[in-house]
Amino acid sequence: MSTTAEFLSQQHLHFINGDWVKGNSKKVFIVSDPATEKTLASIQQGTTDDIDAAVSAARAAFDNGWKTTAPAIRTNILNNFSRLVAEHAQLLAEVETFESGTPLSWTLPTMQFGFPSFLSYYAGWPTKIMGDTIPTTPLGREDQEFLVYTQKEPVGVVGMITPWNSPAGICLMKLAPALAAGCTAVIKPPELAPLTTSILVKLADEAGLPPGVINMVHGDGAIVGQHLAEHQDIDKISFTGSTRVGKIILESAKTNLKKVSLELGGKSPFVVLADANLDLAAPAAAMACFGMSGQNCMAGTRVFIHKDVKQEFLKKLDTAIDMLKVGNGFEEDVFIGPLISSTQNNRVLEYIQVGKDEGATLHRGGNSLDPPGHWIEPTVFTNCKHQMRIVREEIFGPVMVVVDFDNDRESFLTALNDTDYGLSGSVWSKNIATALEIAKHIDSGQVAINAHAAISAETPFGGNRQSGWGRELGREGLDEYLKTKAISIRIDENYE
Ligand code: NAD
């Protein structure tokens, strides 16, 4: 595989039935570096015809062999794929830093260790996918004897639609369990950051996947993404993105009642109790909110702080934020990169204005920084009320809202879940029993105690309420790509 400069200078094509193809459109879209606004690539738009070709290749690959490929072969290919991702970590990390702005200090270790572990974890599963034998007598057949068992089968051809923040990791969270289960895939990468997905597809091909098992079509969400979600020959859509588009996906999927899993937005609480270790909690709050410039679905943007320790916490928080360097993700020690686009910059600035209008106190930040690039300083609002829009809605930028609470437990517990989202969250306390009680109360797919966003290949990840449907990672992430068939065999002697 080439270096980053060589890779970026190549033509970036669609991948259909094992071939890199130009596709049917004359239109192109531009991928630019959010830190410099320089063009990284110009990619030919996919069309609905390209999606049709990709779906029919994925269907043929599914029917003609991948679904029944020996489990040990799927294991070998996934292990090869994992090794190749780790070997190409530098390229993948640099390209992701270019296209998404996420600093290299984050993209490199995730490509070296975290994302290969998604593949190696699921490489262990094909040989362990099994059903049950069920001791039962079917209704009205009390005089007969049956052997009843279940078997797990792959759901079929899966459409995968991914967002621009962490595009490689999110693609692998879908691809690894789908391939382990025996599904084939058509991937629609995010148009703002599609390049790491192209590299992954090339590596998957090199790992030994037969033609048609994975396919990729670049292009506009509202055209190629929507056609994929509506497609009659797609069995499941696995979508990660905004709650707004998640609802459109549901509408599209009803054409053939395909299965849907959704990983959507978040507004996660970061709860600091009066007895928390503030030396740990304050810097962790800064990192949980401002990592990836707040463009992280799990970001701990809603900080709940006990009144007794608020001033001390804010002082330590300020010290921690002062140490977070804002800049181009390729520069050493940079922690906060750019926002993805001018549209996103403007959206965040609008929310900052909403916060001021709602009467929250602008504790620090609030301004955009000079172009080129899209930048907003780390921003903290204090004296927020849980009913405010800035506290309830996903901003997806470097904006923290701080809500105080006191010993009125009922109001505090009500405020914690007063948002449409339920993705992540954390509780900080030296008293594990109290922290656990609050963790149980938070209506989210995952809550950490004295840590924020503790993710691993083995642990199910996903959202409640408007943060989504289903789970990725862990055994439950595999189940999303399997369906159960019950087989009942009459075995008594009277059977003729
Ligand atoms: P988005 O919803 O705008 O786009 C996501 C994907 O959907 C893109 O590939 C886009 O092209 C496609 N798309 C757009 N319109 C479509 C349509 N009509 N039909 C089919 N596909 C369509 O989201 P984004 O701005 O790329 O990503 C940010 C959002 O993603 C945030 O809300 C964030 O919280 C969420 N997110 C969630 C998770 C999670 O695991 N829960 C992870 C990362 C990001």
# chains A, B, ... in the order shown; residues from 1 in each chain; ligands from 1

call {"tool": "residues_around", "arguments": {"residues": "A:Lys188", "least_positions_apart": "2", "cutoff": "9 Å", "atoms": "only C-alpha atoms", "output": "MDAnalysis selection string"}}
result
chainID A and resid 159:162 186 190:191 194 215:221 224:225 228

call {"tool": "residues_around", "arguments": {"residues": "A:Ala229", "least_positions_apart": "4", "cutoff": "10 Å", "atoms": "only C-alpha atoms", "output": "list in words"}}
result
Val158, Gly159, Met160, Ile161, Gly221, Val224, Gly225, Asp233, Ile234, Asp235, Lys236, Ile237, Ser238, Phe239, Ile248, Ile249, Leu250, Glu251, Ser252, Ala253, Lys254, Thr255, Asn256, Lys258 and Val260 of chain A

call {"tool": "write_last_selection", "arguments": {"atoms": "C-alpha atoms", "output": "tab-separated table (two decimals), in the first residue's frame"}}
result
chain	number	residue	atom	x	y	z
A	158	VAL	CA	-26.61	-5.51	4.65
A	159	GLY	CA	-26.50	-1.84	3.68
A	160	MET	CA	-24.08	0.13	5.90
A	161	ILE	CA	-24.30	3.91	6.11
A	221	GLY	CA	-26.73	10.49	1.42
A	224	VAL	CA	-27.26	6.81	-2.94
A	225	GLY	CA	-27.80	6.42	0.82
A	233	ASP	CA	-33.07	-6.55	-2.12
A	234	ILE	CA	-31.37	-5.29	1.03
A	235	ASP	CA	-32.21	-7.34	4.14
A	236	LYS	CA	-30.90	-4.96	6.76
A	237	ILE	CA	-29.65	-1.40	7.12
A	238	SER	CA	-27.06	-0.62	9.75
A	239	PHE	CA	-26.93	3.15	10.12
A	248	ILE	CA	-35.59	9.06	7.36
A	249	ILE	CA	-33.87	5.64	7.28
A	250	LEU	CA	-36.83	4.12	9.11
A	251	GLU	CA	-39.21	5.57	6.52
A	252	SER	CA	-37.04	4.25	3.68
A	253	ALA	CA	-36.69	0.80	5.24
A	254	LYS	CA	-40.41	0.17	5.35
A	255	THR	CA	-40.49	-0.54	1.57
A	256	ASN	CA	-39.65	-4.20	2.31
A	258	LYS	CA	-35.95	-4.68	6.22
A	260	VAL	CA	-32.80	-1.68	10.89

call {"tool": "select_by_dssp", "arguments": {"residues": "stretch 257-461 of chain A", "states": "strand (DSSP E or B)", "output": "PyMOL selection string"}}
result
chain A and resi 259-263+269-272+302-306+325-326+334-336+361-364+368+376+379-382+399-405+421-422+426-428+448-449+461

call {"tool": "residues_around", "arguments": {"residues": "stretch 486-488 of chain A", "least_positions_apart": "2", "cutoff": "6 Å", "atoms": "only C-alpha atoms", "output": "ChimeraX atom specification"}}
result
/A:147-150

call {"tool": "closest_residue", "arguments": {"among": "A:Leu200, A:Val245, A:Ala168, A:Val95", "to": "ligand 1", "atoms": "only C-alpha atoms and all ligand atoms"}}
result
A:Val245

call {"tool": "closest_residue", "arguments": {"among": "A:Asn431, A:Asn79, A:Gln45, A:Ser467", "to": "ligand 1", "atoms": "only C-alpha atoms and all ligand atoms"}}
result
A:Ser467

call {"tool": "residues_around", "arguments": {"residues": "stretch 269-277 of chain A", "least_positions_apart": "6", "cutoff": "6 Å", "atoms": "only C-alpha atoms", "output": "PyMOL selection string"}}
result
chain A and resi 300+302-306+309+425-430
